[in-house]
Every structure is written in C-alpha cells, then in structure tokens.
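Here is the file structure-v8.json (JSON, C-alpha atoms and all ligand atoms).
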[["chain", "number", "residue", "atom", "x", "y", "z"],
["A", 1, "MET", "CA", 0.00, 0.00, 0.00],
["A", 2, "LEU", "CA", 1.63, 3.21, -1.23],
["A", 3, "ALA", "CA", -0.33, 5.41, 1.14],
["A", 4, "GLY", "CA", 1.35, 3.93, 4.23],
["A", 5, "ALA", "CA", 4.52, 5.93, 3.64],
["A", 6, "CYS", "CA", 2.52, 9.15, 3.29],
["A", 7, "VAL", "CA", 0.61, 8.65, 6.51],
["A", 8, "ASN", "CA", 3.85, 8.31, 8.50],
["A", 9, "CYS", "CA", 4.53, 11.97, 7.89],
["A", 10, "HIS", "CA", 1.12, 13.42, 7.24],
["A", 11, "LEU", "CA", -0.75, 12.04, 10.23],
["A", 12, "ALA", "CA", 1.94, 13.52, 12.46],
["A", 13, "GLY", "CA", 1.20, 16.85, 10.75],
["A", 14, "ALA", "CA", -2.50, 16.45, 11.42],
["A", 15, "ALA", "CA", -1.78, 16.06, 15.12],
["A", 16, "GLY", "CA", -0.09, 19.45, 15.11],
["A", 17, "THR", "CA", 3.29, 18.19, 16.27],
["A", 18, "THR", "CA", 5.21, 19.11, 13.10],
["A", 19, "SER", "CA", 5.08, 21.61, 10.26],
["A", 20, "ILE", "CA", 3.92, 18.96, 7.79],
["A", 21, "PRO", "CA", 0.56, 19.90, 6.29],
["A", 22, "SER", "CA", -2.48, 17.70, 6.88],
["A", 23, "LEU", "CA", -3.96, 15.95, 3.88],
["A", 24, "GLN", "CA", -7.45, 16.64, 5.20],
["A", 25, "GLY", "CA", -10.01, 18.51, 3.16],
["A", 26, "PHE", "CA", -8.47, 18.10, -0.28],
["A", 27, "SER", "CA", -10.53, 16.81, -3.21],
["A", 28, "GLU", "CA", -9.17, 14.11, -5.48],
["A", 29, "GLU", "CA", -8.55, 16.71, -8.18],
["A", 30, "GLN", "CA", -6.68, 19.07, -5.81],
["A", 31, "LEU", "CA", -4.48, 16.25, -4.52],
["A", 32, "ARG", "CA", -3.62, 15.08, -7.99],
["A", 33, "SER", "CA", -2.60, 18.54, -9.16],
["A", 34, "ARG", "CA", -0.51, 19.16, -5.99],
["A", 35, "LEU", "CA", 1.33, 15.87, -6.39],
["A", 36, "THR", "CA", 1.88, 16.42, -10.10],
["A", 37, "ALA", "CA", 3.30, 19.88, -9.39],
["A", 38, "PHE", "CA", 5.75, 18.41, -6.84],
["A", 39, "GLN", "CA", 6.77, 15.79, -9.38],
["A", 40, "ALA", "CA", 7.39, 18.43, -12.04],
["A", 41, "GLY", "CA", 9.42, 20.57, -9.63],
["A", 42, "GLN", "CA", 6.88, 23.40, -9.74],
["A", 43, "VAL", "CA", 6.73, 23.92, -5.96],
["A", 44, "PRO", "CA", 9.89, 25.94, -5.15],
["A", 45, "ALA", "CA", 9.41, 25.95, -1.36],
["A", 46, "ALA", "CA", 8.98, 22.19, -1.16],
["A", 47, "THR", "CA", 11.55, 20.01, 0.56],
["A", 48, "VAL", "CA", 10.75, 16.31, 0.65],
["A", 49, "MET", "CA", 7.72, 15.93, -1.62],
["A", 50, "PRO", "CA", 9.49, 16.54, -4.96],
["A", 51, "ARG", "CA", 12.02, 13.82, -4.15],
["A", 52, "LEU", "CA", 9.22, 11.44, -3.20],
["A", 53, "MET", "CA", 7.06, 12.17, -6.23],
["A", 54, "ARG", "CA", 9.88, 11.59, -8.67],
["A", 55, "GLY", "CA", 9.62, 7.94, -7.63],
["A", 56, "PHE", "CA", 5.95, 7.70, -8.70],
["A", 57, "ASP", "CA", 4.33, 7.64, -12.13],
["A", 58, "SER", "CA", 1.12, 9.47, -12.99],
["A", 59, "GLU", "CA", -0.99, 6.36, -12.50],
["A", 60, "GLN", "CA", 0.31, 5.93, -8.96],
["A", 61, "ILE", "CA", -0.31, 9.63, -8.25],
["A", 62, "ALA", "CA", -3.90, 9.28, -9.48],
["A", 63, "GLY", "CA", -4.35, 6.29, -7.17],
["A", 64, "LEU", "CA", -2.96, 8.19, -4.17],
["A", 65, "ALA", "CA", -5.22, 11.17, -4.89],
["A", 66, "ARG", "CA", -8.23, 8.86, -5.05],
["A", 67, "TRP", "CA", -7.24, 7.20, -1.77],
["A", 68, "PHE", "CA", -6.65, 10.38, 0.24],
["A", 69, "ALA", "CA", -9.86, 11.96, -1.06],
["A", 70, "GLN", "CA", -11.83, 9.24, 0.73],
["A", 71, "PRO", "CA", -12.98, 10.30, 4.20],
["A", 72, "ALA", "CA", -11.99, 6.87, 5.58],
["A", 73, "ALA", "CA", -8.33, 7.43, 4.64],
["A", 74, "ARG", "CA", -8.02, 10.41, 6.95],
["B", 1, "LIG", "C1", 9.13, 12.48, 4.83],
["B", 1, "LIG", "C2", 7.81, 12.96, 5.20],
["B", 1, "LIG", "C3", 6.73, 12.97, 4.12],
["B", 1, "LIG", "C4", 6.25, 11.87, 3.46],
["B", 1, "LIG", "C5", 6.68, 10.40, 3.58],
["B", 1, "LIG", "C6", 5.19, 12.38, 2.60],
["B", 1, "LIG", "N1", 5.05, 13.73, 2.74],
["B", 1, "LIG", "FE1", 3.70, 14.93, 1.73],
["B", 1, "LIG", "N2", 4.57, 16.59, 2.56],
["B", 1, "LIG", "C7", 5.64, 16.59, 3.44],
["B", 1, "LIG", "C8", 6.09, 17.95, 3.64],
["B", 1, "LIG", "C9", 7.22, 18.38, 4.55],
["B", 1, "LIG", "C10", 5.26, 18.78, 2.83],
["B", 1, "LIG", "C11", 5.37, 20.31, 2.63],
["B", 1, "LIG", "C12", 6.02, 20.56, 1.28],
["B", 1, "LIG", "C13", 7.48, 20.18, 1.26],
["B", 1, "LIG", "O1", 8.26, 20.72, 2.06],
["B", 1, "LIG", "O2", 7.87, 19.34, 0.40],
["B", 1, "LIG", "C14", 4.29, 17.89, 2.19],
["B", 1, "LIG", "C15", 3.27, 18.31, 1.34],
["B", 1, "LIG", "C16", 2.32, 17.48, 0.75],
["B", 1, "LIG", "C17", 1.16, 17.92, 0.01],
["B", 1, "LIG", "C18", 0.72, 19.35, -0.23],
["B", 1, "LIG", "C19", -0.15, 19.81, 0.91],
["B", 1, "LIG", "C20", -0.53, 21.26, 0.78],
["B", 1, "LIG", "O3", -1.00, 21.81, 1.79],
["B", 1, "LIG", "O4", -0.37, 21.83, -0.29],
["B", 1, "LIG", "C21", 0.52, 16.80, -0.43],
["B", 1, "LIG", "C22", -0.77, 16.75, -1.26],
["B", 1, "LIG", "C23", 1.27, 15.66, 0.04],
["B", 1, "LIG", "N3", 2.35, 16.10, 0.78],
["B", 1, "LIG", "C24", 0.93, 14.36, -0.19],
["B", 1, "LIG", "C25", 1.73, 13.24, 0.14],
["B", 1, "LIG", "C26", 1.50, 11.88, -0.32],
["B", 1, "LIG", "C27", 0.34, 11.44, -1.20],
["B", 1, "LIG", "C28", 2.50, 11.12, 0.19],
["B", 1, "LIG", "C29", 2.78, 9.62, -0.05],
["B", 1, "LIG", "C30", 3.20, 9.27, -1.40],
["B", 1, "LIG", "C31", 3.34, 11.98, 1.02],
["B", 1, "LIG", "N4", 2.83, 13.26, 0.94],
["B", 1, "LIG", "C32", 4.44, 11.56, 1.75],
["B", 1, "LIG", "C33", 6.19, 15.46, 4.06],
["B", 1, "LIG", "C34", 5.99, 14.13, 3.66]]
Would you mind writing the file's structure down as structure tokens?
Ligand code: HEC
Amino acid sequence: MLAGACVNCHLAGAAGTTSIPSLQGFSEEQLRSRLTAFQAGQVPAATVMPRLMRGFDSEQIAGLARWFAQPAAR
C-alpha cells in the first residue's frame, strides 16, 4: 500500500506536532494537481515531496489522490 509511507509523515502533521501539512479537506482533483506539481518541480518551497514524487508515475499519483480523497483514509 503506497499510502502507508505518506501517513507516517502526514498524520503527524495532522496532530499538530510538526510543520507537515495535513492531507485533510483536499478533493481528489486538488491532490492530484498538488502531487503532479511536486513531481514536475513546480513547488519551489517544497523540501521532501518533490524527491518522493519523482519515484511515482502518474498512475500511482492518481491512485494516491483517489485514496486520500476518501474520508476513511483520513
Ligand atoms: C518524509 C515525510 C513525508 C512523506 C513520507 C510524505 N510527505 Fe507529503 N509533505 C511533506 C512535507 C514536509 C510537505 C510540505 C512541502 C514540502 O516541504 O515538500 C508535504 C506536502 C504534501 C502535500 C501538499 C499539501 C498542501 O498543503 O499543499 C501533499 C498533497 C502531500 N504532501 C501528499 C503526500 C502523499 C500522497 C505522500 C505519499 C506518497 C506523502 N505526501 C508523503 C512530508 C511528507
């Protein structure tokens, strides 16, 4: 499950203990465009996400967006 690696960081962010943004409240479309922008290096302030997204193809990004847009995944 690809999403497991994401939750390690992003659930910690949701708890307010780090500066990592929560993945809550994004639509599937918003998530997909954010992840695609990281992959393309279009988010200058980003640190870890561009490195991560370079390891995924667009089909995997679409799957992740679908997963995190489900209320149950949060
Ligand atoms: C090593 C910790 C870490 C992991 C693992 C991680 N992220 Fe992130 N994520 C971050 C950080 C930090 C940011 C803030 C941008 C940056 O600095 O790259 C971020 C930003 C994001 C954003 C943008 C949120 C916003 O408010 O715009 C999305 C969407 C996202 N991550 C999704 C994912 C997905 C999906 C995965 C799993 C493939 C994942 N992240 C794995 C740390 C992580």
Handout entry: Shortest interatomic distance to Ala65 (chain A) - which of A:Cys9, A:Gly25, A:Arg32, A:Ala3, counting all atoms listed in the file
Key =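 Residue with the minimum atom-to-atom distance to Ala65 (chain A): A:Arg32.
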Exercise for the section: Grab me every residue within 8 Å of ligand LIG 1 (chain B), counting only C-alpha atoms and all ligand atoms, and send it over as JSON, numbers by chain. Expected result: {"A": [2, 3, 4, 5, 6, 7, 8, 9, 10, 19, 20, 21, 22, 23, 26, 30, 31, 32, 34, 35, 38, 43, 45, 46, 47, 48, 49, 50, 52, 53, 56, 61, 64, 65, 68]}
Practice task
Would you please work out which residue, of A:Gln42, A:Leu11, A:Glu29, A:Thr36, is nearest to Gln60 (chain A) when using only C-alpha atoms?
Solution key: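 Closest candidate: A:Thr36.
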Axis-aligned box over every listed atom of region 51-59 of chain A, padded by 3 Å per side: centre and edges in Å to one decimal, as lines of an AutoDock Vina configuration file?
center_x = 5.5
center_y = 10.1
center_z = -8.1
size_x = 19.0
size_y = 13.5
size_z = 15.8
Practice task
Pick out the closest residue to Gly41 (chain A) from this set: A:Arg54, A:Ala62, A:Gln70, A:Ser27. Count only C-alpha atoms.
Solution key: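 Ranking A:Arg54, A:Ala62, A:Gln70, A:Ser27 by distance to Gly41 (chain A), first place goes to A:Arg54.
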